[in-house]
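Below is input_38.cif, holding mmCIF, C-alpha atoms and all ligand atoms.
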data_structure
#
loop_
_atom_site.label_atom_id
_atom_site.label_comp_id
_atom_site.auth_asym_id
_atom_site.auth_seq_id
_atom_site.Cartn_x
_atom_site.Cartn_y
_atom_site.Cartn_z
CA SER A 1 7.41 13.58 -19.72
CA ILE A 2 5.67 12.11 -16.66
CA LYS A 3 1.93 12.90 -16.58
CA ALA A 4 0.62 10.79 -13.69
CA CYS A 5 1.74 9.72 -10.21
CA LEU A 6 0.29 6.49 -8.78
CA PHE A 7 0.68 6.00 -5.05
CA ASP A 8 0.67 2.90 -2.93
CA LEU A 9 -1.01 3.61 0.43
CA ASP A 10 0.50 1.64 3.30
CA GLY A 11 4.19 2.53 3.70
CA VAL A 12 4.08 5.42 1.21
CA LEU A 13 1.35 7.84 2.34
CA VAL A 14 0.57 6.44 5.79
CA ASP A 15 2.07 3.88 8.17
CA THR A 16 -0.75 1.40 8.62
CA ALA A 17 1.74 -1.51 8.80
CA LYS A 18 1.92 -0.98 12.58
CA TYR A 19 -1.84 -1.55 12.91
CA HIS A 20 -1.80 -4.57 10.61
CA TYR A 21 1.01 -5.91 12.80
CA LEU A 22 -0.87 -5.43 16.08
CA ALA A 23 -3.98 -7.12 14.69
CA TRP A 24 -2.08 -10.08 13.16
CA LYS A 25 -0.05 -10.46 16.37
CA ARG A 26 -3.24 -10.63 18.42
CA LEU A 27 -4.59 -13.32 16.11
CA ALA A 28 -1.34 -15.32 16.31
CA GLU A 29 -1.43 -15.13 20.10
CA GLU A 30 -5.01 -16.43 20.14
CA LEU A 31 -3.83 -19.30 17.97
CA GLY A 32 -0.97 -19.96 20.39
CA PHE A 33 2.16 -18.72 18.67
CA ASP A 34 4.30 -15.59 18.53
CA PHE A 35 4.41 -13.22 15.57
CA THR A 36 7.36 -10.83 15.40
CA GLU A 37 7.88 -7.48 13.69
CA HIS A 38 10.40 -9.25 11.46
CA ASP A 39 7.67 -11.72 10.38
CA ASN A 40 5.41 -8.76 9.64
CA GLU A 41 7.80 -7.54 6.91
CA ARG A 42 6.61 -10.48 4.81
CA LEU A 43 3.02 -9.18 4.85
CA LYS A 44 3.72 -5.72 3.43
CA GLY A 45 1.90 -5.12 0.16
CA VAL A 46 0.41 -8.64 0.31
CA SER A 47 -3.39 -9.14 0.23
CA ARG A 48 -5.36 -10.00 3.37
CA MET A 49 -5.92 -13.70 2.61
CA ALA A 50 -2.35 -14.20 1.37
CA SER A 51 -1.16 -12.52 4.60
CA LEU A 52 -3.23 -14.98 6.64
CA ASP A 53 -1.69 -17.91 4.75
CA ILE A 54 1.82 -16.62 5.57
CA LEU A 55 0.84 -16.13 9.22
CA LEU A 56 -0.59 -19.65 9.50
CA SER A 57 2.51 -21.14 7.86
CA ILE A 58 4.66 -19.38 10.49
CA GLY A 59 2.51 -21.00 13.19
CA GLY A 60 2.54 -24.35 11.39
CA ILE A 61 -1.27 -24.37 11.29
CA GLU A 62 -3.53 -25.71 8.54
CA LEU A 63 -7.20 -24.72 8.41
CA ASP A 64 -10.14 -25.04 6.03
CA GLU A 65 -11.43 -22.16 3.94
CA SER A 66 -14.40 -21.22 6.17
CA LYS A 67 -12.25 -21.09 9.30
CA LYS A 68 -9.72 -18.94 7.41
CA GLN A 69 -12.49 -16.53 6.37
CA GLU A 70 -13.58 -16.28 9.99
CA LEU A 71 -10.04 -15.51 11.22
CA ALA A 72 -9.45 -12.93 8.47
CA GLU A 73 -12.67 -11.19 9.46
CA ARG A 74 -11.71 -11.18 13.11
CA LYS A 75 -8.31 -9.68 12.28
CA ASN A 76 -9.97 -7.07 10.10
CA ASP A 77 -12.40 -6.06 12.87
CA TRP A 78 -9.48 -5.29 15.18
CA TYR A 79 -7.61 -3.52 12.39
CA PHE A 80 -10.67 -1.48 11.45
CA GLU A 81 -11.11 -0.35 15.05
CA MET A 82 -7.55 1.05 14.99
CA ILE A 83 -7.74 2.79 11.61
CA SER A 84 -11.09 4.33 12.59
CA LYS A 85 -9.13 6.51 15.05
CA MET A 86 -6.61 7.75 12.47
CA ASP A 87 -6.37 11.45 11.59
CA GLU A 88 -4.21 13.76 9.46
CA SER A 89 -1.35 13.55 11.96
CA GLU A 90 -0.65 10.05 10.61
CA ILE A 91 0.17 11.15 7.09
CA LEU A 92 3.85 10.26 6.51
CA PRO A 93 6.44 13.11 6.29
CA GLY A 94 6.41 14.90 2.94
CA ALA A 95 3.41 13.00 1.56
CA LEU A 96 0.83 15.80 1.76
CA GLU A 97 3.29 18.35 0.37
CA PHE A 98 4.16 16.11 -2.56
CA LEU A 99 0.50 15.36 -3.35
CA LYS A 100 -0.14 19.11 -3.41
CA GLU A 101 2.91 19.73 -5.60
CA CYS A 102 1.75 17.07 -8.08
CA ARG A 103 -1.64 18.73 -8.43
CA GLU A 104 -0.19 22.23 -8.72
CA ASN A 105 1.93 20.95 -11.61
CA GLY A 106 -1.03 19.47 -13.43
CA LEU A 107 -0.04 15.84 -12.87
CA LYS A 108 -2.80 13.27 -12.48
CA VAL A 109 -2.85 11.56 -9.08
CA ALA A 110 -4.10 8.02 -8.45
CA LEU A 111 -4.11 5.52 -5.60
CA GLY A 112 -3.03 1.91 -6.20
CA SER A 113 -3.49 -0.05 -2.98
CA ALA A 114 -4.12 -3.70 -2.14
CA SER A 115 -6.20 -2.66 0.85
CA LYS A 116 -9.97 -3.09 1.05
CA ASN A 117 -9.91 -0.46 3.81
CA ALA A 118 -8.28 2.28 1.72
CA MET A 119 -11.36 4.59 1.64
CA THR A 120 -11.58 4.66 5.46
CA ILE A 121 -7.89 5.57 5.71
CA LEU A 122 -8.05 8.24 2.98
CA ASN A 123 -11.17 9.81 4.49
CA ASN A 124 -9.89 9.80 8.08
CA THR A 125 -6.58 11.39 7.11
CA GLY A 126 -8.38 13.89 4.86
CA ILE A 127 -6.48 13.16 1.65
CA THR A 128 -9.32 11.80 -0.51
CA PRO A 129 -9.73 15.10 -2.44
CA TYR A 130 -6.17 14.86 -3.82
CA PHE A 131 -6.99 11.85 -5.98
CA ASP A 132 -8.29 11.77 -9.55
CA ALA A 133 -8.71 7.99 -9.32
CA ILE A 134 -8.78 5.55 -6.41
CA ILE A 135 -8.03 1.91 -7.11
CA ASP A 136 -8.05 -0.32 -4.03
CA GLY A 137 -8.51 -3.94 -3.01
CA THR A 138 -12.27 -3.73 -3.53
CA ARG A 139 -11.77 -3.00 -7.22
CA THR A 140 -9.14 -5.56 -8.24
CA THR A 141 -9.16 -9.30 -8.71
CA SER A 142 -5.40 -9.96 -8.85
CA ALA A 143 -2.98 -8.85 -6.14
CA LYS A 144 0.46 -7.26 -6.64
CA PRO A 145 2.87 -8.29 -8.24
CA ASP A 146 0.08 -8.51 -10.82
CA PRO A 147 -0.03 -5.09 -12.53
CA GLU A 148 -3.85 -4.80 -12.48
CA VAL A 149 -4.13 -2.15 -9.74
CA PHE A 150 -1.78 0.24 -11.57
CA THR A 151 -3.01 -0.53 -15.09
CA LEU A 152 -6.54 0.31 -13.97
CA GLY A 153 -5.34 3.56 -12.37
CA ALA A 154 -3.58 4.67 -15.55
CA THR A 155 -6.67 3.88 -17.60
CA GLU A 156 -8.90 5.92 -15.28
CA VAL A 157 -6.67 9.00 -15.44
CA GLU A 158 -6.17 8.42 -19.20
CA VAL A 159 -2.36 8.44 -19.16
CA SER A 160 -0.25 5.86 -21.01
CA PRO A 161 1.86 3.55 -18.79
CA GLU A 162 5.24 4.96 -19.88
CA GLN A 163 4.12 8.39 -18.67
CA CYS A 164 3.18 7.05 -15.23
CA VAL A 165 5.38 6.78 -12.16
CA VAL A 166 4.46 4.50 -9.27
CA PHE A 167 5.56 5.17 -5.66
CA GLU A 168 6.00 1.88 -3.79
CA ASP A 169 7.55 0.57 -0.57
CA ALA A 170 7.08 -3.16 -1.23
CA GLU A 171 9.01 -5.42 -3.58
CA ALA A 172 5.78 -6.93 -4.97
CA GLY A 173 4.54 -3.41 -5.72
CA VAL A 174 7.71 -2.42 -7.60
CA GLU A 175 7.37 -5.64 -9.61
CA ALA A 176 3.72 -4.79 -10.36
CA ALA A 177 4.74 -1.33 -11.62
CA ARG A 178 7.39 -2.86 -13.87
CA ARG A 179 4.97 -5.41 -15.30
CA ALA A 180 2.54 -2.54 -15.99
CA GLY A 181 5.30 -0.88 -18.06
CA MET A 182 5.56 2.07 -15.66
CA HIS A 183 8.37 3.91 -13.96
CA CYS A 184 8.82 3.37 -10.26
CA VAL A 185 10.25 5.30 -7.34
CA GLY A 186 11.00 3.10 -4.33
CA ILE A 187 10.22 4.39 -0.84
CA GLY A 188 12.47 2.91 1.84
CA SER A 189 15.86 1.26 1.55
CA PRO A 190 17.52 0.32 -1.78
CA GLU A 191 18.27 -3.33 -0.85
CA ASN A 192 14.77 -4.73 -1.41
CA LEU A 193 13.70 -2.19 -4.04
CA ALA A 194 16.46 -2.77 -6.61
CA LYS A 195 14.09 -2.74 -9.57
CA ALA A 196 12.96 0.85 -8.93
CA ASP A 197 14.35 3.71 -11.09
CA PHE A 198 15.63 5.23 -7.85
CA VAL A 199 14.87 4.98 -4.16
CA VAL A 200 14.18 7.76 -1.64
CA SER A 201 13.80 7.20 2.10
CA SER A 202 10.45 9.02 2.17
CA LEU A 203 8.31 11.40 0.10
CA ALA A 204 9.99 14.22 2.08
CA ASP A 205 12.93 13.66 -0.31
CA MET A 206 10.73 13.83 -3.40
CA THR A 207 9.94 16.84 -5.62
CA VAL A 208 8.17 17.12 -8.98
CA ASN A 209 11.48 18.38 -10.35
CA ARG A 210 13.11 15.03 -9.55
CA LEU A 211 10.66 13.36 -11.92
CA ASN A 212 12.77 14.91 -14.71
CA ASP A 213 15.50 12.41 -13.79
CA ILE A 214 13.20 9.78 -15.25
CA VAL A 215 13.66 9.57 -19.00
CA VAL A 216 10.45 8.91 -20.88
CA SER A 217 10.93 7.49 -24.35
P1 LIG B 301 -6.65 -4.99 3.91
P2 LIG B 301 -0.87 -1.31 0.30
C1 LIG B 301 -1.59 -3.42 1.78
O1 LIG B 301 -1.67 -2.06 1.51
C2 LIG B 301 -0.76 -3.67 3.03
O2 LIG B 301 0.60 -3.31 2.81
C3 LIG B 301 -0.81 -5.13 3.40
O3 LIG B 301 -0.07 -5.35 4.58
C4 LIG B 301 -2.28 -5.56 3.59
O4 LIG B 301 -2.37 -6.94 3.89
C5 LIG B 301 -3.06 -5.25 2.30
O5 LIG B 301 -2.94 -3.86 2.01
C6 LIG B 301 -4.54 -5.61 2.41
O6 LIG B 301 -5.13 -4.79 3.37
O7 LIG B 301 -6.64 -6.14 4.86
O8 LIG B 301 -6.94 -3.66 4.55
O9 LIG B 301 -7.54 -5.24 2.71
O10 LIG B 301 0.58 -1.28 0.70
O11 LIG B 301 -1.11 -2.07 -0.99
O12 LIG B 301 -1.48 0.06 0.30
MG MG B 302 2.76 -0.58 0.62
#
Reformat the file's structure so that it appears as structure tokens.
Ligand code: B16
Ligand code: MG
Amino acid sequence: SIKACLFDLDGVLVDTAKYHYLAWKRLAEELGFDFTEHDNERLKGVSRMASLDILLSIGGIELDESKKQELAERKNDWYFEMISKMDESEILPGALEFLKECRENGLKVALGSASKNAMTILNNTGITPYFDAIIDGTRTTSAKPDPEVFTLGATEVEVSPEQCVVFEDAEAGVEAARRAGMHCVGIGSPENLAKADFVVSSLADMTVNRLNDIVVS
């Protein structure tokens, strides 16, 4: 049976994509080009520097490493200002209830996020106490679809990969879960999450009982 639930942060527990978008858009505008919400889809689940590379390629701009560091920092300052104002009202529908249900049923709970800002978001929304392990972008060297973030989470909660289920909204995250040898529930629409065991539109549609649909060998 399933013994641990590993959660992605952005797009699963909270919607920080809108703040990433506003900050990246501001940067693009400073650089003289437009950045659309459609473009922003490509940045979901992707690390900060990889996101910047995608943004610059959209603008047709090439820069050296030090200039890129400077721009990434500027974007992060704007982003940080926005997430500093977050509170529990920004927890996505069903997320808090499902975290509670997991704990009540004795399941281990871990975070597996690419974000280096995860602690600020967890603390401001008040959900830090629900986690047995928190793996974020400050603790990993390889970004999703590399399985590192989830493998580390499973190790910390001492559950074997086949007894773990990952909740992910991004294709790269589903791929990372698969490479880690874990089960995966997609959050969002089935089109881009085909490799998940099943897809729900949000955690509001998720119950611990539904984990029984996942067959553990
Ligand atoms: P930061 P997740 C990801 O979070 C976001 O989806 C992605 O858009 C962002 O670039 C990445 O975190 C890094 O975030 O700049 O805060 O380190 O979905 O893995 O929880
Ligand atoms: Mg995500």
Interface rows for chain A against ligand MG 302 (chain B): nearest pair, Å to one decimal, 8 Å, only C-alpha atoms and all ligand atoms, as a tab-separated table:
residue	atom	partner	partner_atom	distance
A:Asp8	CA	B:MG302	MG	5.4
A:Leu9	CA	B:MG302	MG	5.6
A:Asp10	CA	B:MG302	MG	4.1
A:Gly11	CA	B:MG302	MG	4.6
A:Val12	CA	B:MG302	MG	6.2
A:Lys44	CA	B:MG302	MG	5.9
A:Gly45	CA	B:MG302	MG	4.6
A:Ser113	CA	B:MG302	MG	7.2
A:Glu168	CA	B:MG302	MG	6.0
A:Asp169	CA	B:MG302	MG	5.1
A:Ala170	CA	B:MG302	MG	5.4
A:Gly173	CA	B:MG302	MG	7.2
Counting only C-alpha atoms and all ligand atoms, name the residues that have an atom within 10 Å of an atom of ligand LIG 301 (chain B); the answer should be given as a PyMOL selection string. chain A and resi 7-21+24+40-52+72-73+75-77+79-80+83+111-121+136-138+143-144+149+168-170+172-173
Compare A:Val165, A:Ile187, A:Ile135, A:Leu122 by their minimum atom-to-atom distance to Ser1 in chain A, counting all atoms listed in the file, and give me the closest one. A:Val165
Using all atoms listed in the file, which of A:Glu175, A:Asp53, A:Glu101, A:Glu90 sits nearest Glu148 in chain A? A:Glu175
I'd like the neighbourhood of Asp87 in chain A as a PyMOL selection string, where a residue qualifies if any of its atoms comes within 8 Å (using all atoms listed in the file), though same-chain residues fewer than 3 positions away should be ignored. chain A and resi 90-91+124-126
Compile the contact shell of Leu96 in chain A as number ranges by chain: residues with an atom at most 10 Å away, counting all atoms listed in the file, same-chain residues fewer than 2 positions apart removed. A: 13, 88, 91-94, 98-102, 126-127, 130, 203-204
Which of A:Asp146, A:Arg178, A:Glu29, A:Val109 sits closest to Ala194 in chain A [using all atoms listed in the file]: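 Nearest to Ala194 in chain A: A:Arg178.
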Distance query Asp197 in chain A at most 12 Å, only C-alpha atoms, self and fewer than 6 positions along chain excluded, as a PyMOL selection string: chain A and resi 165-168+174-175+177-178+182-187+190+210-216
For range 142-177 of chain A, write N, CA and C atoms out as a PDB file, in the first residue's frame.
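The new file result30.pdb reads:
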ATOM      1  N   SER A 142      20.122  18.791  -9.165  1.00  0.00           N
ATOM      2  CA  SER A 142      19.549  18.555 -10.488  1.00  0.00           C
ATOM      3  C   SER A 142      18.055  18.865 -10.473  1.00  0.00           C
ATOM      4  N   ALA A 143      17.603  19.573 -11.509  1.00  0.00           N
ATOM      5  CA  ALA A 143      16.194  19.975 -11.581  1.00  0.00           C
ATOM      6  C   ALA A 143      15.344  18.872 -12.208  1.00  0.00           C
ATOM      7  N   LYS A 144      14.025  18.875 -11.912  1.00  0.00           N
ATOM      8  CA  LYS A 144      13.084  17.997 -12.589  1.00  0.00           C
ATOM      9  C   LYS A 144      13.268  18.189 -14.105  1.00  0.00           C
ATOM     10  N   PRO A 145      13.253  17.195 -14.962  1.00  0.00           N
ATOM     11  CA  PRO A 145      12.756  15.829 -14.744  1.00  0.00           C
ATOM     12  C   PRO A 145      13.733  14.877 -14.050  1.00  0.00           C
ATOM     13  N   ASP A 146      14.866  15.377 -13.564  1.00  0.00           N
ATOM     14  CA  ASP A 146      15.730  14.519 -12.756  1.00  0.00           C
ATOM     15  C   ASP A 146      14.948  14.131 -11.486  1.00  0.00           C
ATOM     16  N   PRO A 147      15.044  12.867 -11.059  1.00  0.00           N
ATOM     17  CA  PRO A 147      14.240  12.416  -9.921  1.00  0.00           C
ATOM     18  C   PRO A 147      14.756  12.839  -8.543  1.00  0.00           C
ATOM     19  N   GLU A 148      15.913  13.507  -8.484  1.00  0.00           N
ATOM     20  CA  GLU A 148      16.570  13.803  -7.210  1.00  0.00           C
ATOM     21  C   GLU A 148      15.648  14.324  -6.094  1.00  0.00           C
ATOM     22  N   VAL A 149      14.831  15.325  -6.412  1.00  0.00           N
ATOM     23  CA  VAL A 149      14.000  15.968  -5.386  1.00  0.00           C
ATOM     24  C   VAL A 149      13.040  14.977  -4.718  1.00  0.00           C
ATOM     25  N   PHE A 150      12.530  14.021  -5.487  1.00  0.00           N
ATOM     26  CA  PHE A 150      11.600  13.037  -4.921  1.00  0.00           C
ATOM     27  C   PHE A 150      12.338  11.874  -4.257  1.00  0.00           C
ATOM     28  N   THR A 151      13.447  11.469  -4.839  1.00  0.00           N
ATOM     29  CA  THR A 151      14.245  10.390  -4.257  1.00  0.00           C
ATOM     30  C   THR A 151      14.717  10.785  -2.852  1.00  0.00           C
ATOM     31  N   LEU A 152      15.167  12.033  -2.741  1.00  0.00           N
ATOM     32  CA  LEU A 152      15.618  12.559  -1.453  1.00  0.00           C
ATOM     33  C   LEU A 152      14.469  12.594  -0.433  1.00  0.00           C
ATOM     34  N   GLY A 153      13.295  12.994  -0.894  1.00  0.00           N
ATOM     35  CA  GLY A 153      12.114  13.043  -0.022  1.00  0.00           C
ATOM     36  C   GLY A 153      11.756  11.668   0.521  1.00  0.00           C
ATOM     37  N   ALA A 154      11.762  10.673  -0.360  1.00  0.00           N
ATOM     38  CA  ALA A 154      11.437   9.298   0.050  1.00  0.00           C
ATOM     39  C   ALA A 154      12.462   8.782   1.058  1.00  0.00           C
ATOM     40  N   THR A 155      13.718   9.097   0.828  1.00  0.00           N
ATOM     41  CA  THR A 155      14.777   8.676   1.736  1.00  0.00           C
ATOM     42  C   THR A 155      14.556   9.300   3.114  1.00  0.00           C
ATOM     43  N   GLU A 156      14.242  10.588   3.141  1.00  0.00           N
ATOM     44  CA  GLU A 156      14.049  11.269   4.434  1.00  0.00           C
ATOM     45  C   GLU A 156      12.867  10.752   5.235  1.00  0.00           C
ATOM     46  N   VAL A 157      11.794  10.330   4.542  1.00  0.00           N
ATOM     47  CA  VAL A 157      10.651   9.796   5.287  1.00  0.00           C
ATOM     48  C   VAL A 157      10.740   8.273   5.420  1.00  0.00           C
ATOM     49  N   GLU A 158      11.835   7.708   4.883  1.00  0.00           N
ATOM     50  CA  GLU A 158      12.118   6.267   4.991  1.00  0.00           C
ATOM     51  C   GLU A 158      10.997   5.388   4.441  1.00  0.00           C
ATOM     52  N   VAL A 159      10.572   5.730   3.220  1.00  0.00           N
ATOM     53  CA  VAL A 159       9.573   4.914   2.510  1.00  0.00           C
ATOM     54  C   VAL A 159      10.170   4.551   1.147  1.00  0.00           C
ATOM     55  N   SER A 160       9.975   3.298   0.712  1.00  0.00           N
ATOM     56  CA  SER A 160      10.544   2.889  -0.569  1.00  0.00           C
ATOM     57  C   SER A 160       9.748   3.520  -1.720  1.00  0.00           C
ATOM     58  N   PRO A 161      10.425   3.805  -2.847  1.00  0.00           N
ATOM     59  CA  PRO A 161       9.797   4.544  -3.954  1.00  0.00           C
ATOM     60  C   PRO A 161       8.450   3.981  -4.399  1.00  0.00           C
ATOM     61  N   GLU A 162       8.323   2.645  -4.475  1.00  0.00           N
ATOM     62  CA  GLU A 162       7.058   2.079  -4.984  1.00  0.00           C
ATOM     63  C   GLU A 162       5.888   2.274  -4.019  1.00  0.00           C
ATOM     64  N   GLN A 163       6.200   2.730  -2.790  1.00  0.00           N
ATOM     65  CA  GLN A 163       5.126   3.024  -1.839  1.00  0.00           C
ATOM     66  C   GLN A 163       4.894   4.539  -1.695  1.00  0.00           C
ATOM     67  N   CYS A 164       5.472   5.285  -2.643  1.00  0.00           N
ATOM     68  CA  CYS A 164       5.304   6.742  -2.651  1.00  0.00           C
ATOM     69  C   CYS A 164       4.409   7.164  -3.812  1.00  0.00           C
ATOM     70  N   VAL A 165       3.599   8.188  -3.574  1.00  0.00           N
ATOM     71  CA  VAL A 165       2.860   8.802  -4.674  1.00  0.00           C
ATOM     72  C   VAL A 165       3.161  10.298  -4.702  1.00  0.00           C
ATOM     73  N   VAL A 166       3.486  10.764  -5.916  1.00  0.00           N
ATOM     74  CA  VAL A 166       3.834  12.167  -6.126  1.00  0.00           C
ATOM     75  C   VAL A 166       2.625  12.896  -6.715  1.00  0.00           C
ATOM     76  N   PHE A 167       2.370  14.118  -6.249  1.00  0.00           N
ATOM     77  CA  PHE A 167       1.303  14.964  -6.797  1.00  0.00           C
ATOM     78  C   PHE A 167       1.958  16.095  -7.568  1.00  0.00           C
ATOM     79  N   GLU A 168       1.714  16.147  -8.858  1.00  0.00           N
ATOM     80  CA  GLU A 168       2.427  17.068  -9.756  1.00  0.00           C
ATOM     81  C   GLU A 168       1.515  17.713 -10.791  1.00  0.00           C
ATOM     82  N   ASP A 169       1.785  18.985 -11.097  1.00  0.00           N
ATOM     83  CA  ASP A 169       1.019  19.676 -12.149  1.00  0.00           C
ATOM     84  C   ASP A 169       1.830  19.871 -13.427  1.00  0.00           C
ATOM     85  N   ALA A 170       3.141  19.591 -13.379  1.00  0.00           N
ATOM     86  CA  ALA A 170       3.989  19.861 -14.539  1.00  0.00           C
ATOM     87  C   ALA A 170       4.502  18.556 -15.153  1.00  0.00           C
ATOM     88  N   GLU A 171       4.608  18.565 -16.470  1.00  0.00           N
ATOM     89  CA  GLU A 171       5.062  17.385 -17.197  1.00  0.00           C
ATOM     90  C   GLU A 171       6.438  16.921 -16.711  1.00  0.00           C
ATOM     91  N   ALA A 172       7.352  17.882 -16.501  1.00  0.00           N
ATOM     92  CA  ALA A 172       8.705  17.540 -16.038  1.00  0.00           C
ATOM     93  C   ALA A 172       8.660  16.883 -14.658  1.00  0.00           C
ATOM     94  N   GLY A 173       7.690  17.277 -13.850  1.00  0.00           N
ATOM     95  CA  GLY A 173       7.541  16.714 -12.510  1.00  0.00           C
ATOM     96  C   GLY A 173       7.007  15.290 -12.538  1.00  0.00           C
ATOM     97  N   VAL A 174       6.059  15.033 -13.446  1.00  0.00           N
ATOM     98  CA  VAL A 174       5.519  13.678 -13.619  1.00  0.00           C
ATOM     99  C   VAL A 174       6.648  12.754 -14.086  1.00  0.00           C
ATOM    100  N   GLU A 175       7.429  13.257 -15.026  1.00  0.00           N
ATOM    101  CA  GLU A 175       8.583  12.498 -15.547  1.00  0.00           C
ATOM    102  C   GLU A 175       9.575  12.188 -14.411  1.00  0.00           C
ATOM    103  N   ALA A 176       9.826  13.172 -13.563  1.00  0.00           N
ATOM    104  CA  ALA A 176      10.743  12.991 -12.426  1.00  0.00           C
ATOM    105  C   ALA A 176      10.229  11.897 -11.491  1.00  0.00           C
ATOM    106  N   ALA A 177       8.920  11.903 -11.225  1.00  0.00           N
ATOM    107  CA  ALA A 177       8.315  10.884 -10.363  1.00  0.00           C
ATOM    108  C   ALA A 177       8.490   9.502 -10.965  1.00  0.00           C
TER     109      ALA A 177
END
